[in-house]
Structure formats: structure tokens, C-alpha cells
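Peer 1: I am sharing input.csv, which consists of CSV, C-alpha atoms:
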chain,number,residue,atom,x,y,z
K,1,MET,CA,-6.0,-19.1,-9.0
K,2,LYS,CA,-2.7,-20.9,-9.6
K,3,LYS,CA,-1.3,-17.9,-11.4
K,4,ALA,CA,-2.2,-15.6,-8.6
K,5,ILE,CA,-0.4,-17.8,-6.1
K,6,VAL,CA,2.7,-18.1,-8.3
K,7,TYR,CA,2.8,-14.3,-8.7
K,8,LEU,CA,2.6,-13.9,-4.9
K,9,LEU,CA,5.4,-16.4,-4.3
K,10,ILE,CA,7.6,-14.7,-6.9
K,11,PHE,CA,6.9,-11.3,-5.3
K,12,VAL,CA,7.9,-12.7,-1.9
K,13,GLY,CA,10.9,-14.5,-3.4
K,14,ILE,CA,12.3,-11.4,-5.0
K,15,GLN,CA,11.9,-9.6,-1.7
K,16,LEU,CA,13.8,-12.3,0.2
K,17,MET,CA,16.5,-12.4,-2.4
K,18,ALA,CA,17.0,-8.6,-2.3
K,19,GLY,CA,17.2,-8.7,1.5
K,20,GLY,CA,19.7,-11.6,1.4
K,21,LEU,CA,22.0,-9.8,-1.1
K,22,VAL,CA,22.1,-6.6,0.9
K,23,LYS,CA,22.8,-8.5,4.2
K,24,SER,CA,25.6,-10.4,2.4
K,25,ALA,CA,27.1,-7.2,1.1
K,26,TYR,CA,27.0,-5.7,4.7
K,27,ALA,CA,28.7,-8.8,6.0
K,28,VAL,CA,31.5,-8.4,3.5
K,29,ILE,CA,31.9,-4.7,4.0
K,30,LYS,CA,31.2,-4.2,7.7
K,31,GLY,CA,31.7,-7.6,9.2
K,32,PRO,CA,29.6,-10.8,9.6
K,33,THR,CA,27.8,-9.5,12.7
K,34,ALA,CA,26.9,-6.0,11.2
K,35,ALA,CA,23.2,-5.1,11.3
K,36,VAL,CA,21.6,-3.6,8.2
K,37,ASP,CA,21.0,0.1,8.9
K,38,ALA,CA,18.5,2.6,7.4
K,39,VAL,CA,20.4,3.0,4.2
K,40,GLY,CA,20.7,-0.8,3.8
K,41,LEU,CA,16.9,-1.2,4.3
K,42,ILE,CA,16.2,1.5,1.8
K,43,ILE,CA,18.6,-0.1,-0.7
K,44,THR,CA,16.9,-3.4,-0.1
K,45,MET,CA,13.4,-2.0,-0.8
K,46,ALA,CA,14.7,-0.1,-3.9
K,47,LEU,CA,16.4,-3.2,-5.3
K,48,PHE,CA,13.4,-5.3,-4.6
K,49,SER,CA,11.0,-2.8,-6.1
K,50,VAL,CA,12.9,-2.2,-9.3
K,51,THR,CA,13.6,-5.9,-9.8
K,52,THR,CA,10.0,-6.9,-9.3
K,53,MET,CA,8.7,-4.3,-11.7
K,54,ALA,CA,11.2,-5.3,-14.3
K,55,VAL,CA,10.4,-9.0,-14.0
K,56,PHE,CA,6.6,-8.5,-14.1
K,57,LEU,CA,6.7,-6.2,-17.0
K,58,LEU,CA,9.3,-8.2,-19.0
K,59,MET,CA,7.4,-11.4,-18.5
K,60,LYS,CA,4.1,-9.6,-19.3
K,61,TRP,CA,2.5,-10.9,-16.1
K,62,ALA,CA,1.0,-7.4,-15.5
K,63,GLU,CA,-0.8,-5.5,-18.2
K,64,VAL,CA,0.1,-1.8,-18.4
K,65,SER,CA,-1.7,0.2,-21.0
K,66,PRO,CA,-2.2,4.0,-21.5
K,67,ARG,CA,-5.7,3.2,-22.8
K,68,TRP,CA,-7.5,4.3,-19.7
K,69,ILE,CA,-5.4,7.4,-19.0
K,70,ARG,CA,-6.1,8.6,-22.6
K,71,THR,CA,-9.7,9.1,-21.7
K,72,ARG,CA,-8.5,12.0,-19.4
K,73,PRO,CA,-10.1,10.7,-16.2
K,74,TRP,CA,-8.9,13.7,-14.2
K,75,GLY,CA,-12.1,13.7,-12.0
K,76,VAL,CA,-11.5,10.1,-11.0
K,77,LEU,CA,-7.9,10.8,-10.0
K,78,ALA,CA,-9.0,13.9,-8.0
K,79,TRP,CA,-11.6,11.9,-6.1
K,80,CYS,CA,-8.9,9.2,-5.4
K,81,VAL,CA,-6.8,11.9,-3.8
K,82,LEU,CA,-9.7,13.0,-1.6
K,83,ALA,CA,-10.7,9.5,-0.8
K,84,ALA,CA,-7.2,8.6,0.4
K,85,THR,CA,-7.1,11.8,2.5
K,86,GLY,CA,-10.5,11.2,4.1
K,87,ALA,CA,-9.6,7.5,5.0
K,88,ILE,CA,-6.5,8.2,7.1
K,89,ILE,CA,-8.2,9.3,10.4
K,90,PRO,CA,-11.1,6.8,10.3
K,91,SER,CA,-8.7,4.0,9.5
K,92,ALA,CA,-6.3,5.0,12.4
K,93,TRP,CA,-9.3,5.3,14.8
K,94,LEU,CA,-10.7,1.9,13.8
K,95,GLN,CA,-7.3,0.3,14.1
K,96,GLU,CA,-6.8,1.7,17.6
K,97,ALA,CA,-10.2,0.5,18.7
K,98,MET,CA,-9.2,-3.1,17.8
K,99,PRO,CA,-7.2,-5.3,20.1
K,100,GLU,CA,-3.5,-4.4,19.8
K,101,LEU,CA,-1.6,-6.6,17.3
K,102,PRO,CA,2.1,-7.3,17.2
K,103,ASN,CA,4.2,-4.8,15.3
K,104,TRP,CA,7.0,-6.9,14.1
K,105,ALA,CA,8.3,-4.4,11.6
K,106,GLU,CA,8.3,-1.4,13.9
K,107,ASN,CA,12.0,-0.9,14.2
K,108,GLU,CA,12.7,-1.3,10.5
K,109,PHE,CA,9.8,1.1,9.7
K,110,GLU,CA,11.2,3.7,12.1
K,111,LEU,CA,14.6,3.5,10.5
K,112,ILE,CA,13.2,4.0,7.0
K,113,MET,CA,10.8,6.8,7.9
K,114,ASN,CA,13.5,8.7,9.8
K,115,ASN,CA,15.6,8.9,6.7
K,116,ARG,CA,14.9,11.4,4.0
K,117,LEU,CA,15.5,8.8,1.3
K,118,GLY,CA,12.8,6.7,2.9
K,119,TYR,CA,10.2,8.6,1.0
K,120,LEU,CA,11.7,7.3,-2.3
K,121,VAL,CA,10.7,3.7,-1.4
K,122,ILE,CA,7.7,4.3,0.9
K,123,GLY,CA,6.0,7.1,-1.1
K,124,LEU,CA,7.0,6.5,-4.7
K,125,LEU,CA,8.3,2.9,-5.4
K,126,ALA,CA,5.9,1.0,-3.0
K,127,PRO,CA,2.7,2.3,-4.6
K,128,LEU,CA,4.0,1.5,-8.1
K,129,VAL,CA,5.3,-2.0,-7.5
K,130,GLU,CA,2.4,-3.1,-5.2
K,131,GLU,CA,-0.3,-1.9,-7.6
K,132,LEU,CA,1.5,-3.5,-10.5
K,133,VAL,CA,1.7,-6.8,-8.8
K,134,PHE,CA,-1.4,-7.1,-6.6
K,135,ARG,CA,-3.8,-5.4,-9.0
K,136,GLY,CA,-2.1,-5.5,-12.4
K,137,ALA,CA,-1.1,-9.2,-12.1
K,138,ILE,CA,-2.7,-11.0,-9.1
K,139,LEU,CA,-6.2,-9.5,-9.3
K,140,ARG,CA,-6.2,-9.6,-13.0
K,141,ALA,CA,-5.5,-13.3,-12.9
K,142,LEU,CA,-8.2,-13.8,-10.2
K,143,LEU,CA,-10.8,-11.9,-12.2
K,144,GLN,CA,-10.1,-14.2,-15.2
K,145,TRP,CA,-10.4,-17.3,-12.9
K,146,GLN,CA,-13.5,-16.3,-10.9
K,147,ARG,CA,-16.8,-15.0,-12.4
K,148,ASN,CA,-17.7,-13.2,-9.2
K,149,PRO,CA,-15.4,-10.1,-9.2
K,150,TRP,CA,-15.8,-9.6,-5.5
K,151,ALA,CA,-14.3,-13.0,-4.7
K,152,GLY,CA,-11.2,-12.0,-6.6
K,153,ILE,CA,-11.1,-8.6,-5.0
K,154,VAL,CA,-11.3,-10.0,-1.5
K,155,ILE,CA,-8.8,-12.8,-2.2
K,156,SER,CA,-6.3,-10.2,-3.6
K,157,ALA,CA,-6.9,-7.9,-0.6
K,158,LEU,CA,-6.2,-10.8,1.7
K,159,MET,CA,-2.9,-11.6,-0.1
K,160,PHE,CA,-2.0,-7.9,0.0
K,161,SER,CA,-2.5,-7.8,3.8
K,162,LEU,CA,-0.6,-11.0,4.5
K,163,VAL,CA,2.4,-10.1,2.4
K,164,HIS,CA,3.1,-7.1,4.7
K,165,MET,CA,4.1,-9.8,7.2
K,166,ASN,CA,3.2,-7.4,10.0
K,167,PRO,CA,0.0,-8.1,12.0
K,168,ALA,CA,-0.3,-4.4,13.0
K,169,GLN,CA,-0.6,-3.3,9.3
K,170,MET,CA,-2.8,-6.2,8.1
K,171,PRO,CA,-6.3,-4.8,9.0
K,172,HIS,CA,-5.6,-1.5,7.2
K,173,ALA,CA,-4.0,-3.2,4.3
K,174,PHE,CA,-6.9,-5.5,3.9
K,175,LEU,CA,-9.5,-2.7,3.8
K,176,ILE,CA,-7.5,-0.6,1.5
K,177,GLY,CA,-6.8,-3.6,-0.7
K,178,ILE,CA,-10.5,-4.1,-1.2
K,179,LEU,CA,-10.9,-0.5,-2.2
K,180,LEU,CA,-7.9,-0.6,-4.6
K,181,GLY,CA,-9.2,-3.9,-6.1
K,182,TRP,CA,-12.6,-2.3,-6.7
K,183,MET,CA,-10.9,0.6,-8.5
K,184,TYR,CA,-9.0,-1.8,-10.7
K,185,TRP,CA,-12.0,-3.9,-11.5
K,186,ARG,CA,-14.0,-0.8,-12.5
K,187,THR,CA,-11.3,0.8,-14.6
K,188,GLY,CA,-9.0,-2.0,-15.8
K,189,SER,CA,-6.1,0.3,-14.9
K,190,ILE,CA,-3.6,0.5,-12.0
K,191,VAL,CA,-3.4,4.3,-12.2
K,192,PRO,CA,-6.3,5.1,-9.8
K,193,GLY,CA,-4.8,2.6,-7.3
K,194,VAL,CA,-1.3,4.1,-7.7
K,195,VAL,CA,-2.6,7.6,-7.0
K,196,TYR,CA,-4.6,6.5,-3.9
K,197,HIS,CA,-1.7,4.4,-2.7
K,198,TRP,CA,0.7,7.3,-3.2
K,199,VAL,CA,-1.4,9.8,-1.2
K,200,ASN,CA,-2.0,7.3,1.6
K,201,ASN,CA,1.8,6.5,2.0
K,202,SER,CA,2.7,10.2,1.6
K,203,ILE,CA,0.4,11.3,4.4
K,204,ALA,CA,1.7,8.4,6.6
K,205,TYR,CA,5.3,9.7,5.9
K,206,LEU,CA,4.4,13.3,6.7
K,207,LEU,CA,2.5,12.3,9.9
K,208,PHE,CA,5.6,10.3,11.1
K,209,ALA,CA,7.7,13.3,10.4
K,210,PHE,CA,5.5,15.4,12.7
K,211,TYR,CA,4.8,12.7,15.3
K,212,PRO,CA,7.8,10.3,15.3
K,213,ASP,CA,6.7,8.5,18.5
K,214,PRO,CA,5.5,5.1,17.2
K,215,ASN,CA,3.3,4.7,20.3
K,216,ILE,CA,1.4,7.9,19.8
K,217,GLN,CA,-2.4,7.5,19.6
K,218,ILE,CA,-4.8,9.5,17.6
K,219,THR,CA,-6.3,10.8,20.8
K,220,ASP,CA,-2.9,12.3,21.7
K,221,ILE,CA,-2.7,14.2,18.4
K,222,PHE,CA,-6.1,15.8,19.3
K,223,GLY,CA,-5.1,16.9,22.8
K,224,GLY,CA,-6.3,13.8,24.6
K,225,GLN,CA,-10.0,14.8,24.0
K,226,GLN,CA,-12.2,12.0,22.6
K,227,GLN,CA,-14.8,14.5,21.4
K,228,ARG,CA,-12.2,16.1,19.1
K,229,VAL,CA,-11.2,12.6,17.8
K,230,LEU,CA,-14.9,11.8,17.0
K,231,MET,CA,-15.3,15.2,15.3
K,232,ALA,CA,-12.2,14.5,13.2
K,233,VAL,CA,-13.5,11.1,12.3
K,234,GLY,CA,-16.9,12.5,11.3
K,235,PHE,CA,-15.3,15.3,9.3
K,236,SER,CA,-13.0,12.8,7.5
K,237,LEU,CA,-16.1,10.6,6.7
K,238,CYS,CA,-17.7,13.7,5.1
K,239,ILE,CA,-14.8,13.6,2.7
K,240,LEU,CA,-14.4,9.8,2.3
K,241,ILE,CA,-18.1,8.9,1.7
K,242,PRO,CA,-18.8,11.5,-1.0
K,243,SER,CA,-15.5,10.5,-2.7
K,244,ILE,CA,-16.5,6.9,-2.9
K,245,VAL,CA,-20.0,7.9,-4.2
K,246,GLN,CA,-18.4,10.0,-6.9
K,247,LEU,CA,-15.9,7.3,-7.8
K,248,ASN,CA,-18.8,4.9,-8.1
K,249,GLN,CA,-20.5,7.2,-10.5
K,250,LEU,CA,-17.4,8.1,-12.6
K,251,MET,CA,-16.0,4.6,-12.8
K,252,ARG,CA,-19.2,2.9,-13.9
K,253,LYS,CA,-18.4,-0.4,-15.7
K,254,GLU,CA,-20.0,-0.7,-19.1
What is this file in C-alpha cells?
Peer 2:
Amino acid sequence: MKKAIVYLLIFVGIQLMAGGLVKSAYAVIKGPTAAVDAVGLIITMALFSVTTMAVFLLMKWAEVSPRWIRTRPWGVLAWCVLAATGAIIPSAWLQEAMPELPNWAENEFELIMNNRLGYLVIGLLAPLVEELVFRGAILRALLQWQRNPWAGIVISALMFSLVHMNPAQMPHAFLIGILLGWMYWRTGSIVPGVVYHWVNNSIAYLLFAFYPDPNIQITDIFGGQQQRVLMAVGFSLCILIPSIVQLNQLMRKE
């Protein structure tokens, strides 16, 4: 448990350090009162992601091995793509049905998503670094500490949701964290989680491109008709549930 907490603190520390460095650079270049713009936020996330991956790999806190991918688990990866696709609408619908939570990162999120380079950090780097740290290091340590794998999976998912530091994102991050943790436990590899995470973030990026209004509701996307929303949720579940069933079969733990 101590290792998992240390890894989490190091993850947050590197993030704060990267943000501080970029803010200091902006203060020198543009003046002490200059606000960090979209490019600055993207540079911050890129610096943080690359530094975190380098530290965790060099220190061997996260185990990365081609052993699982050499088994050619293409079926698992295909079902990961389908599961991520099928989870988007039900997750959004569930989140909208909950009491509204503060969205502290809304402005920063908009700036990044409105920039083409934003996909580099949201769609590509974030899945890699977060799976490396939260599944490859934190969950791995928790599984060694706790005999009950589900205890480790839930704790790592909770850490994953809290580290987003944005209440509006936490419920979705927690549920996805449980699914990603289960995938890691079953396979011993971060690859399925990276694929799922990549699809999830890529769809979110595309949806923002088509519907840039941060206050838009899923009902608005479906013409304001609740019946259409429920049909979309039902159709998505017809993708998500079979995908989970297939993953459960294909990722059986020996």
C-alpha cells in the first residue's frame, strides 16, 4: 500500500513541477501576470507525461513486457475498442442523471480540446502515462499487497478518479478505472487498458470537435427527445455488455 501511495504522490509531484516550470517560463517571456494559454497547457501536459513515463520506466516501478502481446491477443484488443465505444453514451447519460458536480477544469479542458495539438496529449500521451502509472505501477503494487484483487482494483480506481482533481470527471474516471484495473489483473499487461483509454479519449475529442458547447446535454444531441436518448443508451449497452462478456471469456486468468 505504501508503494502505491508513493507512486501517486510522485505522479502528482511531477505534474505540479511541470506546471510550475511552464508558468515560470511564461512569466519570464510574457510578463509576471501572463496567463498560460492553450499551447502552454499542452506543453505542460506533454512535459509531465514524458517525464513521468521516463521516471517510472527508468526506476522500474512499472513493469512493461511484450510477453502478453506476443500471444497475439487481437480479439481482446478488438473487444476493448468495442467496449470503449459502447460505454460512451451510457456513461454520459448516467453522469447527467447524477447531481451536477463542480467542473473546476472546464476552461483548461476547452483550451486544450480547441487546439489541434490537444489530441497529442489527450488522445495519445494521457492513455500511455496513466495506464503505465495507475495500472502498471500502482495497481501492480496493490495486487502484491492485497490478496483480494478487487480491493486493489477499487483502491486504484479511486486514486485514478481523485487524481483528475475535477469532481465532474470523477464518477466516470472511477467506473472506467475499475474496468481498466480488471483488464490489467486478468492480463498482466497495460496494453488492453491503453487501447480502451485511447478509444475513450479519442471519441471524447471528436465529440468536442462536433459539439464544442461544454454545457450541451446528451438530450440536445438527440434532438431534445428523451426517447431517442434511451434508445441510444439501449443500443450502446447492446455493444458494451457483449464486449464485457467476450473480454471475460478471452481474458480468463489461469
Peer 1: Could you check which of K:Leu139, K:Val245, K:Ala204, K:Ala97 is closest to Ala151 in chain K, using all atoms listed in the file?
Peer 2: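 Among the listed residues, K:Leu139 lies closest to Ala151 in chain K.
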Peer 1: Pick from K:Met183, K:Leu125, K:Val55, K:Val81: nearest to Arg252 in chain K, with all atoms listed in the file counted?
Peer 2: K:Met183
Peer 1: Report the closest atom pair, with its distance in Å rounded to one decimal, for each residue of range 93-164 of chain K that has an atom no farther than 8 Å from range 38-42 of chain K; count all atoms listed in the file, sort by chain and then rising residue number, and write it as a Markdown table.
Peer 2:
| residue | atom | partner | partner_atom | distance |
| --- | --- | --- | --- | --- |
| K:Glu108 | CA | K:Leu41 | CA | 7.5 |
| K:Leu111 | CA | K:Ala38 | CA | 5.1 |
| K:Ile112 | CA | K:Ala38 | CA | 5.5 |
| K:Asn115 | CA | K:Ala38 | CA | 7.0 |
| K:Leu117 | CA | K:Ile42 | CA | 7.4 |
| K:Gly118 | CA | K:Ile42 | CA | 6.3 |
| K:Val121 | CA | K:Ile42 | CA | 6.7 |
Peer 1: Just checking: using only C-alpha atoms, which residue out of K:Ser236, K:Ser156, K:Ser202, K:Asn166 ends up closest to Gly86 in chain K?
Peer 2: K:Ser236
Peer 1: Work out how far apart CA of Tyr7 in chain K and CA of Ala62 in chain K are and give it in Å to one decimal.
Peer 2: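 Result for CA of Tyr7 in chain K versus CA of Ala62 in chain K: 9.9 Å, one decimal.
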Peer 1: Ile5 in chain K: which residues within 10 Å, counting all atoms listed in the file, same-chain residues fewer than 2 positions away excluded, as a VMD selection string?
Peer 2: chain K and resid 1 to 3 7 to 11 138 141 to 142 156 159
Peer 1: In terms of the shortest atom-to-atom distance over only C-alpha atoms, which of K:Asn107, K:Pro192, K:Arg67, K:Val129 is closest to Phe48 in chain K?
Peer 2: K:Val129
Peer 1: For a quick check of understanding, using all atoms listed in the file, which of K:Phe210, K:Met165, K:Glu110, K:Thr85 has the smallest distance to Ile239 in chain K?
Peer 2: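 Among K:Phe210, K:Met165, K:Glu110, K:Thr85, it is K:Thr85 that comes nearest to Ile239 in chain K.
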